[in-house]
Amino acid sequence: MTAQLIQAGASLLAILALAWLARRLDLGADVRIRNEDEARQLAAEALCGFDAEDLALDRAGIGALLRDRMGRVMLLKRHGAHFAARLLDSHSHARLDRNFLTIGSGESTFGKVTLDLGDKAQVWASSLRRLGN
């Protein structure tokens, strides 16, 4: 009985130590894109030379759509505690539902994301049609 209590206590201490360590390392943080400048910086880090001229930021900060001078469109989306980026070459993976634009890159491993773009959703959905199928 005493050995079981000691084992349970040691397990509890180990769990608390791991939780403290995860918090200290800021693991599992709820990352968000805070503003347009941060979205531009993330896009430039993802693809050297990508200088966004136009962008639409999700209201919750979980993703963004960016367009550069050459007409390339980049999708940024949250992936764990970081952001992943893909250049879009087709509009076939985009679906508009009022202020929400669900979009993917066509890669099954990248998945899709639903962005709340507000009034910009319809404008971006129609502009993505220029990318072709």
# chains A, B, ... in the order shown; residues from 1 in each chain; ligands from 1

$ residues_around --residues "Asp119 of chain A" --least-positions-apart "2" --cutoff "9 Å" --atoms "only C-alpha atoms" --output "PDB file with N, CA and C atoms, in the first residue's frame"
ATOM      1  N   ARG A  98     -20.147  33.248 -47.820  1.00  0.00           N
ATOM      2  CA  ARG A  98     -20.321  34.586 -47.260  1.00  0.00           C
ATOM      3  C   ARG A  98     -18.979  35.236 -46.976  1.00  0.00           C
ATOM      4  N   ASN A  99     -18.609  35.423 -45.705  1.00  0.00           N
ATOM      5  CA  ASN A  99     -17.345  36.062 -45.349  1.00  0.00           C
ATOM      6  C   ASN A  99     -16.208  35.072 -45.155  1.00  0.00           C
ATOM      7  N   LEU A 117     -12.436  36.363 -43.775  1.00  0.00           N
ATOM      8  CA  LEU A 117     -11.843  37.551 -44.379  1.00  0.00           C
ATOM      9  C   LEU A 117     -12.793  38.741 -44.394  1.00  0.00           C
ATOM     10  N   ALA A 121     -13.515  38.659 -48.500  1.00  0.00           N
ATOM     11  CA  ALA A 121     -13.640  37.259 -48.935  1.00  0.00           C
ATOM     12  C   ALA A 121     -14.111  37.163 -50.379  1.00  0.00           C
ATOM     13  N   GLN A 122     -15.132  37.920 -50.741  1.00  0.00           N
ATOM     14  CA  GLN A 122     -15.660  37.852 -52.105  1.00  0.00           C
ATOM     15  C   GLN A 122     -14.662  38.387 -53.113  1.00  0.00           C
ATOM     16  N   VAL A 123     -13.949  39.439 -52.756  1.00  0.00           N
ATOM     17  CA  VAL A 123     -12.964  40.027 -53.656  1.00  0.00           C
ATOM     18  C   VAL A 123     -11.834  39.032 -53.918  1.00  0.00           C
TER      19      VAL A 123
END

$ select_by_dssp --residues "segment 41-100 of chain A" --states "helix (DSSP H, G or I)" --output "PyMOL selection string"
chain A and resi 41-46

$ select_by_dssp --residues "segment 33-94 of chain A" --states "strand (DSSP E or B)" --output "list in words"
Ala52, Glu53, Asp54, Leu55, Ala56, Leu57, Gly63, Ala64, Leu65, Leu66, Arg67, Asp68, Val73, Met74, Leu75, Leu76, Lys77, Arg78, His79, His82, Phe83, Ala84, Ala85, Arg86, Leu87, Leu88 and Ala94 of chain A

$ write_last_selection --atoms "C-alpha atoms" --output "PDB file, in the first residue's frame"
ATOM      1  CA  ALA A  52       3.355  41.190 -50.684  1.00  0.00           C
ATOM      2  CA  GLU A  53       1.505  44.169 -52.132  1.00  0.00           C
ATOM      3  CA  ASP A  54      -2.002  43.067 -51.222  1.00  0.00           C
ATOM      4  CA  LEU A  55      -3.152  40.856 -48.389  1.00  0.00           C
ATOM      5  CA  ALA A  56      -6.169  39.663 -46.496  1.00  0.00           C
ATOM      6  CA  LEU A  57      -5.704  38.635 -42.888  1.00  0.00           C
ATOM      7  CA  GLY A  63      -3.997  32.556 -41.718  1.00  0.00           C
ATOM      8  CA  ALA A  64      -3.669  35.021 -44.545  1.00  0.00           C
ATOM      9  CA  LEU A  65      -3.733  35.381 -48.311  1.00  0.00           C
ATOM     10  CA  LEU A  66      -1.042  37.523 -49.895  1.00  0.00           C
ATOM     11  CA  ARG A  67      -0.381  38.668 -53.484  1.00  0.00           C
ATOM     12  CA  ASP A  68       2.909  40.028 -54.824  1.00  0.00           C
ATOM     13  CA  VAL A  73      -0.748  34.279 -54.409  1.00  0.00           C
ATOM     14  CA  MET A  74       0.505  32.773 -51.159  1.00  0.00           C
ATOM     15  CA  LEU A  75      -1.598  31.050 -48.538  1.00  0.00           C
ATOM     16  CA  LEU A  76      -0.328  31.222 -44.958  1.00  0.00           C
ATOM     17  CA  LYS A  77      -1.927  28.959 -42.389  1.00  0.00           C
ATOM     18  CA  ARG A  78      -1.202  27.960 -38.856  1.00  0.00           C
ATOM     19  CA  HIS A  79       0.535  24.619 -38.523  1.00  0.00           C
ATOM     20  CA  HIS A  82       4.319  27.811 -36.580  1.00  0.00           C
ATOM     21  CA  PHE A  83       2.964  28.936 -39.936  1.00  0.00           C
ATOM     22  CA  ALA A  84       3.179  27.067 -43.220  1.00  0.00           C
ATOM     23  CA  ALA A  85       3.031  28.714 -46.636  1.00  0.00           C
ATOM     24  CA  ARG A  86       2.181  27.556 -50.153  1.00  0.00           C
ATOM     25  CA  LEU A  87       1.959  29.363 -53.460  1.00  0.00           C
ATOM     26  CA  LEU A  88      -1.432  28.788 -55.059  1.00  0.00           C
ATOM     27  CA  ALA A  94     -11.300  27.458 -52.955  1.00  0.00           C
TER      28      ALA A  94
END

$ residues_around --residues "Asp116 of chain A" --least-positions-apart "5" --cutoff "8 Å" --atoms "only C-alpha atoms" --output "PyMOL selection string"
chain A and resi 58-60+99-101+121

$ closest_atom_pairs --of "segment 25-49 of chain A" --to "segment 11-21 of chain A" --cutoff "9 Å" --atoms "only C-alpha atoms" --output "CSV"
residue,atom,partner,partner_atom,distance
A:Leu25,CA,A:Leu21,CA,6.1
A:Asp26,CA,A:Leu21,CA,8.5
A:Leu27,CA,A:Leu21,CA,8.7

$ write_last_selection --atoms "N, CA and C atoms" --output "tab-separated table (two decimals), in the first residue's frame"
chain	number	residue	atom	x	y	z
A	25	LEU	N	8.94	26.36	-21.83
A	25	LEU	CA	9.42	26.38	-23.21
A	25	LEU	C	8.41	26.97	-24.17
A	26	ASP	N	7.25	27.37	-23.66
A	26	ASP	CA	6.16	27.95	-24.45
A	26	ASP	C	5.68	26.97	-25.52
A	27	LEU	N	5.64	25.70	-25.18
A	27	LEU	CA	5.13	24.68	-26.10
A	27	LEU	C	3.60	24.72	-26.10

$ closest_residue --among "A:Ser127, A:Gln4, A:Asn35, A:Gln41" --to "His91 of chain A" --atoms "only C-alpha atoms"
A:Ser127

$ atom_distance --atom1 "atom CA of Ala39 of chain A" --atom2 "atom CA of Ser92 of chain A"
23.9 Å

$ closest_residue --among "A:Val31, A:Leu128, A:Leu115, A:Ala43" --to "Asp89 of chain A" --atoms "only C-alpha atoms"
A:Leu128
